[in-house]
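S.K.: Got a structure for you, questions after.
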Amino acid sequence: MTDDEIKALVLRELSNIAPEIDPARIDPAVNVRDQVDLDSMNVLDLMIAIHEATGVEIPEADYPKILTLNDFASYLRPRLKDRQTG
Amino acid sequence: MPSLGADIETGTLVQWLVKPGDRIKRGDIIAVVETEKGAIEIEVFQNGIVRSFAVQEGDKVPIGTTMALIETDGEAPAATAPKPEAVTPAPPKPPAKPRPAAPAAAASAAMTEPPPAARPHLRISPLAMRVALELGVDPAGVKGTGPGGAITRFDIEAAARAKTEPVAKPPAATPPAASPEPARETSRQVRPTVMSAEKQAAMRRAIAAAMAHSKREIPHYYLGTRIDLSRAMAWLREENLKRTVNERLLYSVLLLKAVGLALHEFPELNGFWIDGAFKPGSGIHIGVAISLRQGGLVAPAIHDVDQKSLSEIMASLRDLVKRVRAGVLRSSEIADATITVTSLGEEGVESVFGVIYPPQVALVGFGKILERPWAQDGMIGVRPIIMASLSGDHRASDGHRGGLFLATLDRLLQEPEKL
């Protein structure tokens with residue numbers, strides 16, 4: 001999966017959770033929670049959706065590292081590669 | 001039309017999910033009603049046979065209107081669901097009493113739906129209709145798998161998938177694995193919907209009426225205390241490490257369970273003030289205030305919280321939040337709550353002193369968890385602290401007992417492994 005594909009995936013799942021957002025206006029370099037009104041249940045739903053789509057489980061301890069769409073891409077990319085080769 | 005909560009006065013029948021002659025059993029969902037608070041699935045509370053309908057699809061009727069005649073097992077046909085006096089909005093009915101026989105439901109016409117008359121034979125839930133419109137599927141060509149052959153959201157999605165093969169789309173919203181009420185799980189679920197301006201205005205009016213009633217009638221008292229959550233949060237972190245992402249718990253589940261258990265010792269906070277007297281709740285059914293993305297809120301009940309495991313409460317909460325945001329709730333969830341819990345921590349406020357939802361007699365509020373200096377045993381440390389509050393109805397309880405309730409809540413949260 002390329003970075004763009006990962007970001008598109010995260011955006012799609014975000015849109016399912018928060019249908020009022022305009023995905024085109026989400027800045028990939030800015031904290032998602034500053035741009036989308038998400039509560040902890042929404043965040044959990046997002047992590048579950050990402051797990052279902054990619055097989056990657058993001059532990060709670062890593063949440064603070066993943067704030068922007070770019071962070072999602074850089075976090076998920078190596079882990080997706082591991083899965084494909086492993 | 002059963003009572004659907006203090007702030008709902010009328011409902012519009014969107015559709016019957018059964019037909020005369022059908023055998024129904026307790027807990028079956030027999031109709032969908034549209035209200036200011038969205039679509040509500042009407043459950044029946046007895047076993048029997050549907051004899052006839054008194055309300056037709058599209059009719060808007062007040063709470064208390066007879067909606068259908070149900071012949072209960074071992075009885076001659078009898079009118080159920082009457083309660084003609086229920087029309088007066090002000091003193092809301094106790095959730096426990098009005099719903100007995102009545103499968104009736106009131107609702108306001110679903111915005112996105114064609115008038116029922118236009119599609120006489122089409123059985124489709126409002127949510128499924130919305131999804132059909134979104135996905136461009138003609139429901140007339142879809143085979144329903146829901147109750148009575150009703151077309152569900154999943155049927156629509158399956159039809160949409162059959163039309164176009166989607167790319168790497170995960171299986172849509174699997175129902176919570178540990179759902180405590182699997183038998184009543186229906187396929188009407190999931191995707192949040194955007195509410196129309198008209199509906200938002202209607203919900204605003206409904207909230208206004210209930211809250212004005214509360215502040216007019218209920219002599220509130222307010223108590224607050226800070227609770228050290230370091231043990232609870234440490235336990236939760238460890239516990240979640242052992243769980244897959246699907247099974248993880250949110251801290252609010254610990255709070256809900258602790259409230260449920262604490263209420264065992266304070267029954268005067270769990271129930272209703274009706275006709276000048278306190279009536280204890282038949283169980284501990286906690287209404288969870290859930291805000292909607294477009295504004296407004298509802299507080300549907302999680303039943304028997306004190307009897308449920310943390311995993312079961314989490315599953316109920318997830319299911320409830322999903323359905324609230326999709327705009328489909330069940331009548332028992334709307335009407336049954338014996339107390340409400342509101343948690344505004346997500347919005348970042350430190351404390352909340354809520355308005356009691358009549359005819360309930362108490363509301364528990366939680367603010368944001370904040371790292372704070374905390375002195376204990378002569379030492380100062382930094383701990384995660386939450387402000388817990390109680391809004392109590394002074395007719396039903398006093399501040400002394402309310403204070404003991406909060407102290408009990410604190411004690412329970414210091415032993416999270418026992419929750």
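Letters for chains follow the order of the structure tokens (A, B, ...), residue numbers begin at 1 for each chain, and ligand numbers begin at 1 in the order shown.
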Per DSSP on the backbone, what are the helix (DSSP H, G or I) residues of chain A, as a compact mmCIF listing (two decimals) with C-alpha atoms, in the first residue's frame?

M.R.:
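Okay, this is what ended up in selection-v9.txt:
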```
# COMPACT_ATOMS: atom_id res chain seq x y z
CA ASP A 3 1.13 6.38 1.52
CA ASP A 4 -1.63 7.87 -0.60
CA GLU A 5 -3.63 4.66 -0.45
CA ILE A 6 -3.24 4.50 3.31
CA LYS A 7 -4.39 8.10 3.68
CA ALA A 8 -7.34 7.46 1.40
CA LEU A 9 -8.29 4.45 3.49
CA VAL A 10 -8.13 6.43 6.74
CA LEU A 11 -10.14 9.25 5.19
CA ARG A 12 -12.79 6.84 4.01
CA GLU A 13 -13.16 5.34 7.47
CA LEU A 14 -13.22 8.83 8.99
CA SER A 15 -16.05 9.77 6.64
CA ASN A 16 -18.02 6.75 7.81
CA ILE A 17 -17.64 7.89 11.40
CA PRO A 23 -12.38 14.68 3.02
CA ALA A 24 -10.82 17.08 0.51
CA ARG A 25 -10.44 19.69 3.21
CA VAL A 32 -6.99 14.99 12.76
CA ARG A 33 -8.75 15.66 16.04
CA ASP A 34 -8.33 19.38 15.49
CA GLN A 35 -10.17 19.05 12.19
CA SER A 40 -12.92 8.29 22.30
CA MET A 41 -15.59 5.96 20.93
CA ASN A 42 -15.02 7.42 17.44
CA VAL A 43 -11.27 6.91 17.79
CA LEU A 44 -11.77 3.31 18.86
CA ASP A 45 -14.12 2.75 15.91
CA LEU A 46 -11.49 4.18 13.59
CA MET A 47 -8.81 1.88 14.97
CA ILE A 48 -11.13 -1.11 14.61
CA ALA A 49 -11.93 -0.15 11.01
CA ILE A 50 -8.24 0.21 10.20
CA HIS A 51 -7.57 -3.15 11.79
CA GLU A 52 -10.30 -4.76 9.71
CA ALA A 53 -9.02 -3.18 6.52
CA THR A 54 -5.29 -3.76 7.03
CA GLU A 60 -3.34 2.30 22.71
CA ALA A 61 0.17 3.19 23.79
CA ASP A 62 0.91 4.27 20.21
CA TYR A 63 -2.08 6.59 19.85
CA PRO A 64 -0.08 9.66 20.89
CA LYS A 65 2.34 9.04 18.00
CA LEU A 69 -2.97 11.54 8.27
CA ASN A 70 0.75 11.60 7.46
CA ASP A 71 1.42 9.93 10.82
CA PHE A 72 -1.04 7.17 9.93
CA ALA A 73 0.83 6.56 6.68
CA SER A 74 4.28 6.47 8.26
CA TYR A 75 3.04 4.29 11.10
CA LEU A 76 1.14 1.79 8.97
CA ARG A 77 3.46 1.53 5.95
CA PRO A 78 6.31 -0.48 7.55
CA ARG A 79 3.85 -2.67 9.39
CA LEU A 80 1.97 -3.46 6.20
CA LYS A 81 5.24 -4.35 4.51
CA ASP A 82 6.10 -6.72 7.35
CA ARG A 83 2.82 -8.46 6.88
CA GLN A 84 3.27 -8.87 3.16
CA THR A 85 6.79 -10.26 3.36
```

S.K.: Which residues are close to stretch 299-312 of chain B, i.e. within 8 Å by only C-alpha atoms, leaving aside same-chain residues fewer than 3 positions away? Reply as number ranges by chain.

M.R.: B: 178-180, 247, 249, 253-254, 256-257, 260-261, 283-290, 315-317, 320, 329, 332-337, 340, 419

S.K.: Print the selection's residues with C-alpha atoms to a file, as an mmCIF file, in the first residue's frame.

M.R.:
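Contents of selection-v4.cif, freshly written:
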```cif
data_model
loop_
_atom_site.group_PDB
_atom_site.id
_atom_site.type_symbol
_atom_site.label_atom_id
_atom_site.label_comp_id
_atom_site.auth_asym_id
_atom_site.auth_seq_id
_atom_site.Cartn_x
_atom_site.Cartn_y
_atom_site.Cartn_z
ATOM 1 C CA ALA B 178 -20.289 -9.994 23.083
ATOM 2 C CA SER B 179 -23.631 -8.319 22.568
ATOM 3 C CA PRO B 180 -25.669 -9.222 25.604
ATOM 4 C CA GLU B 247 -12.531 -5.940 22.633
ATOM 5 C CA LEU B 249 -12.695 -1.041 26.898
ATOM 6 C CA VAL B 253 -17.408 1.652 30.912
ATOM 7 C CA LEU B 254 -15.712 1.469 34.317
ATOM 8 C CA LEU B 256 -20.925 3.182 34.249
ATOM 9 C CA LYS B 257 -20.377 -0.098 36.068
ATOM 10 C CA GLY B 260 -24.567 0.761 38.588
ATOM 11 C CA LEU B 261 -23.040 -1.004 41.585
ATOM 12 C CA GLY B 283 -33.672 -2.518 37.581
ATOM 13 C CA ILE B 284 -30.632 -0.337 37.153
ATOM 14 C CA HIS B 285 -31.042 0.989 33.646
ATOM 15 C CA ILE B 286 -28.572 3.761 33.013
ATOM 16 C CA GLY B 287 -29.431 6.347 30.383
ATOM 17 C CA VAL B 288 -26.234 7.352 28.659
ATOM 18 C CA ALA B 289 -26.243 10.891 27.316
ATOM 19 C CA ILE B 290 -24.982 10.666 23.748
ATOM 20 C CA ALA B 315 -20.682 -3.981 23.658
ATOM 21 C CA SER B 316 -23.985 -2.360 24.642
ATOM 22 C CA LEU B 317 -22.425 1.076 24.589
ATOM 23 C CA LEU B 320 -26.066 2.112 21.315
ATOM 24 C CA LEU B 329 -33.353 3.309 18.746
ATOM 25 C CA SER B 332 -37.405 0.294 25.689
ATOM 26 C CA GLU B 333 -34.087 2.097 25.417
ATOM 27 C CA ILE B 334 -35.824 5.435 25.086
ATOM 28 C CA ALA B 335 -38.280 4.959 27.905
ATOM 29 C CA ASP B 336 -36.616 2.696 30.459
ATOM 30 C CA ALA B 337 -33.729 4.672 31.904
ATOM 31 C CA THR B 340 -28.810 9.221 33.543
ATOM 32 C CA LEU B 419 -15.953 -4.073 38.738
#
```

S.K.: Hey, what does DSSP flag as strand (DSSP E or B) within stretch 187-310 of chain B? Can you give it to me as a list of chain:residue names?

M.R.: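 Residues meeting the strand (DSSP E or B) criterion: B:His220, B:Tyr221, B:Tyr222, B:Leu223, B:Gly224, B:Thr225, B:Arg226, B:Ile227, B:Asp228, B:Gly271, B:Phe272, B:Trp273, B:Ile274, B:Ala277, B:Phe278, B:Lys279, B:Pro280, B:Ile286, B:Gly287, B:Val288, B:Ile290, B:Ser291, B:Leu297, B:Val298, B:Ala301, B:Ile302.
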
S.K.: Please produce a file of the residues just selected, as a compact mmCIF listing (two decimals), in the first residue's frame, where the atoms kept are C-alpha atoms.

M.R.:
```txt
# COMPACT_ATOMS: atom_id res chain seq x y z
CA HIS B 220 -32.30 20.06 42.18
CA TYR B 221 -29.41 19.81 44.60
CA TYR B 222 -25.86 19.47 43.32
CA LEU B 223 -22.80 17.72 44.76
CA GLY B 224 -19.36 17.22 43.32
CA THR B 225 -16.22 15.37 44.34
CA ARG B 226 -12.82 14.66 42.82
CA ILE B 227 -11.93 11.02 42.37
CA ASP B 228 -8.42 9.64 41.90
CA GLY B 271 -36.23 5.45 39.78
CA PHE B 272 -38.96 7.98 39.08
CA TRP B 273 -40.93 10.73 40.75
CA ILE B 274 -44.51 10.19 39.64
CA ALA B 277 -44.25 9.94 45.13
CA PHE B 278 -41.02 8.12 44.45
CA LYS B 279 -41.24 4.85 42.57
CA PRO B 280 -38.05 2.79 42.55
CA ILE B 286 -28.57 3.76 33.01
CA GLY B 287 -29.43 6.35 30.38
CA VAL B 288 -26.23 7.35 28.66
CA ILE B 290 -24.98 10.67 23.75
CA SER B 291 -24.55 13.84 21.78
CA LEU B 297 -28.61 14.63 22.39
CA VAL B 298 -30.46 11.54 23.47
CA ALA B 301 -30.69 3.16 28.42
CA ILE B 302 -28.25 0.34 28.88
```

S.K.: Residues at most 10 Å from B:Ile218, counting only C-alpha atoms, excluding those fewer than 5 positions away in the same chain, as a list in words?

M.R.: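 Within the cut-off, the hits are Ala212, His213, Trp273, Val355, Ile356, Tyr357, Pro358, Pro359, Gln360, Val361, Gly392, Asp393, His394, Arg395 and Ala396 of chain B.
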
S.K.: Put those residues in a file: C-alpha atoms, as a JSON list (two decimals), in the first residue's frame.

M.R.:
```
[["chain", "number", "residue", "atom", "x", "y", "z"],
["B", 212, "ALA", "CA", -37.84, 23.44, 31.10],
["B", 213, "HIS", "CA", -40.19, 20.97, 32.75],
["B", 273, "TRP", "CA", -40.93, 10.73, 40.75],
["B", 355, "VAL", "CA", -30.32, 18.75, 34.53],
["B", 356, "ILE", "CA", -32.32, 15.74, 35.68],
["B", 357, "TYR", "CA", -34.32, 14.05, 32.93],
["B", 358, "PRO", "CA", -37.83, 13.74, 34.28],
["B", 359, "PRO", "CA", -39.36, 11.63, 35.67],
["B", 360, "GLN", "CA", -35.95, 10.39, 36.82],
["B", 361, "VAL", "CA", -34.64, 11.67, 40.14],
["B", 392, "GLY", "CA", -30.38, 14.96, 42.85],
["B", 393, "ASP", "CA", -34.11, 15.54, 43.12],
["B", 394, "HIS", "CA", -34.60, 16.86, 46.64],
["B", 395, "ARG", "CA", -38.10, 15.43, 46.76],
["B", 396, "ALA", "CA", -36.66, 11.92, 46.50]]
```

S.K.: What separation in Å, quoted to one decimal, exists between atom CA of B:Val328 and atom CA of B:Thr10?

M.R.: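 Going from atom CA of B:Val328 over to atom CA of B:Thr10, I get 16.5 Å.
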
S.K.: Given only C-alpha atoms as the basis, pick out the residue of B:Glu41, B:Arg330, B:Gly354, B:Gln414 nearest to B:Ser214.

M.R.: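 Once distances to B:Ser214 are computed over only C-alpha atoms, the minimum belongs to B:Gly354.
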
S.K.: So how many Å separate atom CA of B:Lys322 and atom CA of B:Glu417, to one decimal?

M.R.: 27.7 Å

S.K.: If we count only C-alpha atoms, what is near stretch 349-351 of chain B at a cut-off of 8 Å, once residues fewer than 5 positions away on the same chain are taken out, given as a list in words?

M.R.: Leu344, Gly365, Phe366, Gly367, Lys368, Ile369, Leu370, Ile386, Met387, Ala388 and Ser389 of chain B

S.K.: Could you state the separation of atom CA of B:Ala197 and atom CA of B:Gly295 in Å, given to one decimal place?

M.R.: 10.5 Å
